[in-house]
Each structure stands twice: as C-alpha cells, then as structure tokens.
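Visitor: work.txt is reproduced below (compact mmCIF, C-alpha atoms).
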# COMPACT_ATOMS: atom_id res chain seq x y z
CA MET A 1 0.00 0.00 0.00
CA ARG A 2 2.85 2.32 0.81
CA LYS A 3 4.36 1.70 -2.63
CA THR A 4 1.12 2.56 -4.36
CA ILE A 5 0.93 5.87 -2.46
CA GLU A 6 4.54 6.63 -3.35
CA VAL A 7 3.89 5.70 -6.98
CA LEU A 8 0.82 7.98 -7.02
CA LYS A 9 2.87 10.82 -5.47
CA GLY A 10 5.52 10.33 -8.12
CA LYS A 11 2.90 10.39 -10.86
CA TYR A 12 1.33 13.57 -9.46
CA ILE A 13 4.72 15.24 -9.18
CA LEU A 14 5.51 14.24 -12.75
CA LEU A 15 2.12 15.52 -13.92
CA ALA A 16 2.59 18.81 -12.04
CA GLY A 17 6.03 19.18 -13.60
CA LEU A 18 4.63 18.58 -17.10
CA VAL A 19 1.84 21.09 -16.49
CA LEU A 20 4.39 23.65 -15.31
CA VAL A 21 6.55 23.06 -18.39
CA ALA A 22 3.48 23.39 -20.64
CA VAL A 23 2.41 26.65 -18.98
CA VAL A 24 5.90 28.12 -19.26
CA THR A 25 6.14 26.98 -22.89
CA VAL A 26 2.85 28.62 -23.81
CA PHE A 27 2.84 31.74 -21.65
CA GLY A 28 6.50 32.26 -20.79
CA ASP A 29 8.74 35.12 -21.93
CA LYS A 30 9.63 33.41 -25.17
CA GLY A 31 6.60 31.15 -25.28
CA ILE A 32 4.16 30.33 -28.01
CA TYR A 33 1.78 33.17 -27.07
CA GLU A 34 4.61 35.71 -27.27
CA LEU A 35 5.62 34.27 -30.65
CA TYR A 36 2.03 34.69 -31.87
CA LYS A 37 1.96 38.34 -30.75
CA VAL A 38 5.32 39.09 -32.38
CA ARG A 39 4.18 37.52 -35.67
CA GLN A 40 1.02 39.61 -35.66
CA GLU A 41 3.06 42.75 -35.06
CA ARG A 42 5.45 41.77 -37.86
CA ASP A 43 2.56 41.22 -40.28
CA GLY A 44 1.18 44.67 -39.46
CA ILE A 45 4.57 46.25 -40.05
CA LEU A 46 4.90 44.45 -43.41
CA VAL A 47 1.52 45.78 -44.54
CA TYR A 48 2.53 49.29 -43.46
CA ASN A 49 5.85 48.94 -45.33
CA ARG A 50 4.04 47.92 -48.53
CA ALA A 51 1.81 50.98 -48.24
CA LEU A 52 4.86 53.21 -47.76
CA GLU A 53 6.61 51.65 -50.76
CA SER A 54 3.55 52.32 -52.92
CA GLU A 55 3.38 55.91 -51.72
CA ASN A 56 7.12 56.34 -52.43
CA ARG A 57 6.64 55.07 -56.00
CA GLU A 58 3.85 57.61 -56.54
CA LEU A 59 5.97 60.42 -55.11
CA GLU A 60 8.93 59.43 -57.30
CA LYS A 61 6.62 59.51 -60.31
CA GLN A 62 5.43 63.00 -59.35
CA ILE A 63 9.03 64.17 -58.90
CA ARG A 64 9.97 62.94 -62.38
CA LEU A 65 6.95 64.71 -63.85
CA LEU A 66 7.78 67.93 -62.01
CA GLU A 67 11.37 67.77 -63.29
CA THR A 68 10.49 67.07 -66.91
CA ASP A 69 6.87 67.91 -67.81
CA LYS A 70 5.91 71.59 -68.09
CA GLN A 71 2.27 70.76 -68.78
CA TYR A 72 2.10 68.81 -65.52
CA ILE A 73 3.59 71.78 -63.65
CA GLY A 74 0.95 74.06 -65.21
CA GLN A 75 -1.80 71.62 -64.29
CA ILE A 76 -0.63 71.51 -60.66
CA ALA A 77 -0.34 75.32 -60.55
CA ARG A 78 -3.91 75.67 -61.82
CA LYS A 79 -5.29 73.04 -59.49
CA GLU A 80 -3.50 73.91 -56.25
CA LEU A 81 -2.72 77.62 -56.63
CA GLY A 82 -5.64 78.76 -58.77
CA LYS A 83 -3.34 80.06 -61.52
CA LEU A 84 -4.54 80.65 -65.07
CA GLY A 85 -2.89 79.41 -68.21
CA ARG A 86 -2.48 81.44 -71.40
CA ASN A 87 -5.72 82.38 -73.11
CA GLU A 88 -7.78 81.24 -70.14
CA LEU A 89 -10.55 83.42 -68.73
CA VAL A 90 -12.44 83.16 -65.48
CA TYR A 91 -16.08 84.15 -65.40
CA LYS A 92 -17.41 84.94 -61.96
CA ILE A 93 -21.18 84.74 -61.76
CA GLU A 94 -22.85 86.11 -58.69
CA ALA A 95 -26.39 85.39 -57.69
CA PRO A 96 -28.57 88.51 -57.56
CA ALA A 97 -29.08 89.89 -54.07
CA ARG A 98 -32.61 89.50 -52.78
CA ASP A 99 -34.20 92.53 -51.25
CA LYS A 100 -36.48 92.04 -48.25
CA ASN A 101 -38.96 94.63 -49.60
CA SER A 102 -39.26 92.93 -52.99
CA ALA A 103 -40.29 89.66 -51.32
CA THR A 104 -43.13 91.39 -49.41
CA ASP A 105 -44.26 93.31 -52.52
CA ARG A 106 -45.11 90.09 -54.31
CA LYS A 107 -47.77 89.13 -51.74
How does the structure come out when it is put into structure tokens?
Guide:
Amino acid sequence: MRKTIEVLKGKYILLAGLVLVAVVTVFGDKGIYELYKVRQERDGILVYNRALESENRELEKQIRLLETDKQYIGQIARKELGKLGRNELVYKIEAPARDKNSATDRK
C-alpha cells in the first residue's frame, strides 16, 4: 500500500512538472503566445511597409513629372494655386441679391 501511495505521489509530481513546463512553454517570456503576438506585429509592419513603398513610388513619379513635364507643372499650378494658363478666362457669376422689400411686394 505504501508503494502505491509513493507511486501515485511520483505520478502527481511528474504531472505537475509537465503542467508547469506546458504553462511556461505557452505563456513564458519566449513562449508560443509571445511568438504569436510578435508575428502579428510583424505582419502589421509588413503591410505598413508595402503601403509606404507604394506611396514612395507615386511620389517618385510626381518628382519625375515635375522635373520634366511643363504641362504637368501648369496643371498643378492651376489646381492647387488657382493660376490661369495662357488664353484662359475666369467668369465669376454672382447670384442677384434679394431685397427684403421685394419679397413682401409680391404678396
């Protein structure tokens, strides 16, 4: 009977040790959970890097156009600065002002 109790104690100690190792492996400093979090962070950074690379390509394209294409420069000046090109006219149409008295006269 004493041997069976000692064998059971040994089995429980072994089981407790295995559970401890499993917990440390999963939740420890360099455990599986930490690895999962680091991989998620890495994936987010990779997506952000791809977006930055795409934006850089667009900016490089704009730089080349600004260095070489006068029509593009004129287009940007018109769009962003409100400049006019040669032979361009701006017509400003204002709505007629409504008079308070004229609205009451119609009644």
Visitor: Can you work out the spacing between CA of Glu60 (chain A) and CA of Ala77 (chain A) in Å, to one decimal?
Guide: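 CA of Ala77 (chain A) lies at a distance of 18.7 Å from CA of Glu60 (chain A).
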Visitor: Mind pulling up the distance from CA of Glu88 (chain A) to CA of Gly74 (chain A)?
Guide: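 Result for CA of Gly74 (chain A) versus CA of Glu88 (chain A): 12.3 Å, one decimal.
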Visitor: For the atom pair CA of Leu59 (chain A) and CA of Ile73 (chain A), what is the interatomic distance in Å to one decimal place?
Guide: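 Result for CA of Leu59 (chain A) versus CA of Ile73 (chain A): 14.4 Å, one decimal.
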Visitor: Would you mind listing, for every residue of region 15-75 of chain A within 12 Å of region 7-11 of chain A, the two atoms forming the shortest contact and the distance between them in Å to one decimal, using only C-alpha atoms, sorted by chain and ascending residue number, as a tab-separated table?
Guide:
residue	atom	partner	partner_atom	distance
A:Leu15	CA	A:Lys11	CA	6.0
A:Ala16	CA	A:Lys11	CA	8.5
A:Gly17	CA	A:Lys11	CA	9.7
A:Leu18	CA	A:Lys11	CA	10.4
Visitor: Rebuild N, CA and C atoms on region 61-85 of chain A, as a compact mmCIF listing (two decimals), in the frame of the given file?
Guide:
# COMPACT_ATOMS: atom_id res chain seq x y z
N LYS A 61 7.24 59.22 -59.02
CA LYS A 61 6.62 59.51 -60.31
C LYS A 61 6.30 61.00 -60.42
N GLN A 62 5.74 61.57 -59.36
CA GLN A 62 5.43 63.00 -59.35
C GLN A 62 6.70 63.84 -59.47
N ILE A 63 7.76 63.43 -58.82
CA ILE A 63 9.03 64.17 -58.90
C ILE A 63 9.55 64.17 -60.33
N ARG A 64 9.52 63.00 -60.98
CA ARG A 64 9.97 62.94 -62.38
C ARG A 64 9.13 63.85 -63.27
N LEU A 65 7.82 63.85 -63.06
CA LEU A 65 6.95 64.71 -63.85
C LEU A 65 7.25 66.19 -63.59
N LEU A 66 7.47 66.54 -62.34
CA LEU A 66 7.78 67.93 -62.01
C LEU A 66 9.12 68.37 -62.60
N GLU A 67 10.05 67.44 -62.73
CA GLU A 67 11.37 67.77 -63.29
C GLU A 67 11.34 67.87 -64.81
N THR A 68 10.41 67.16 -65.46
CA THR A 68 10.49 67.07 -66.91
C THR A 68 9.26 67.57 -67.67
N ASP A 69 8.10 67.63 -67.07
CA ASP A 69 6.87 67.91 -67.81
C ASP A 69 6.29 69.27 -67.44
N LYS A 70 6.40 70.23 -68.35
CA LYS A 70 5.91 71.59 -68.09
C LYS A 70 4.39 71.63 -68.03
N GLN A 71 3.73 70.79 -68.82
CA GLN A 71 2.27 70.76 -68.78
C GLN A 71 1.78 70.27 -67.41
N TYR A 72 2.47 69.31 -66.85
CA TYR A 72 2.10 68.81 -65.52
C TYR A 72 2.28 69.91 -64.48
N ILE A 73 3.36 70.67 -64.59
CA ILE A 73 3.59 71.78 -63.65
C ILE A 73 2.46 72.79 -63.77
N GLY A 74 2.05 73.12 -65.01
CA GLY A 74 0.95 74.06 -65.21
C GLY A 74 -0.35 73.53 -64.63
N GLN A 75 -0.58 72.25 -64.82
CA GLN A 75 -1.80 71.62 -64.29
C GLN A 75 -1.83 71.71 -62.76
N ILE A 76 -0.71 71.43 -62.13
CA ILE A 76 -0.63 71.51 -60.66
C ILE A 76 -0.81 72.96 -60.21
N ALA A 77 -0.21 73.91 -60.92
CA ALA A 77 -0.34 75.32 -60.55
C ALA A 77 -1.80 75.75 -60.65
N ARG A 78 -2.51 75.32 -61.68
CA ARG A 78 -3.91 75.67 -61.82
C ARG A 78 -4.75 75.05 -60.70
N LYS A 79 -4.48 73.79 -60.45
CA LYS A 79 -5.29 73.04 -59.49
C LYS A 79 -5.05 73.52 -58.05
N GLU A 80 -3.81 73.64 -57.65
CA GLU A 80 -3.50 73.91 -56.25
C GLU A 80 -3.38 75.40 -55.93
N LEU A 81 -2.96 76.20 -56.90
CA LEU A 81 -2.72 77.62 -56.63
C LEU A 81 -3.75 78.53 -57.30
N GLY A 82 -4.63 77.95 -58.11
CA GLY A 82 -5.64 78.76 -58.77
C GLY A 82 -5.08 79.64 -59.87
N LYS A 83 -3.96 79.27 -60.44
CA LYS A 83 -3.34 80.06 -61.52
C LYS A 83 -4.08 79.81 -62.83
N LEU A 84 -3.94 80.77 -63.74
CA LEU A 84 -4.54 80.65 -65.07
C LEU A 84 -3.45 80.41 -66.10
N GLY A 85 -3.80 79.62 -67.10
CA GLY A 85 -2.89 79.41 -68.21
C GLY A 85 -3.10 80.49 -69.26
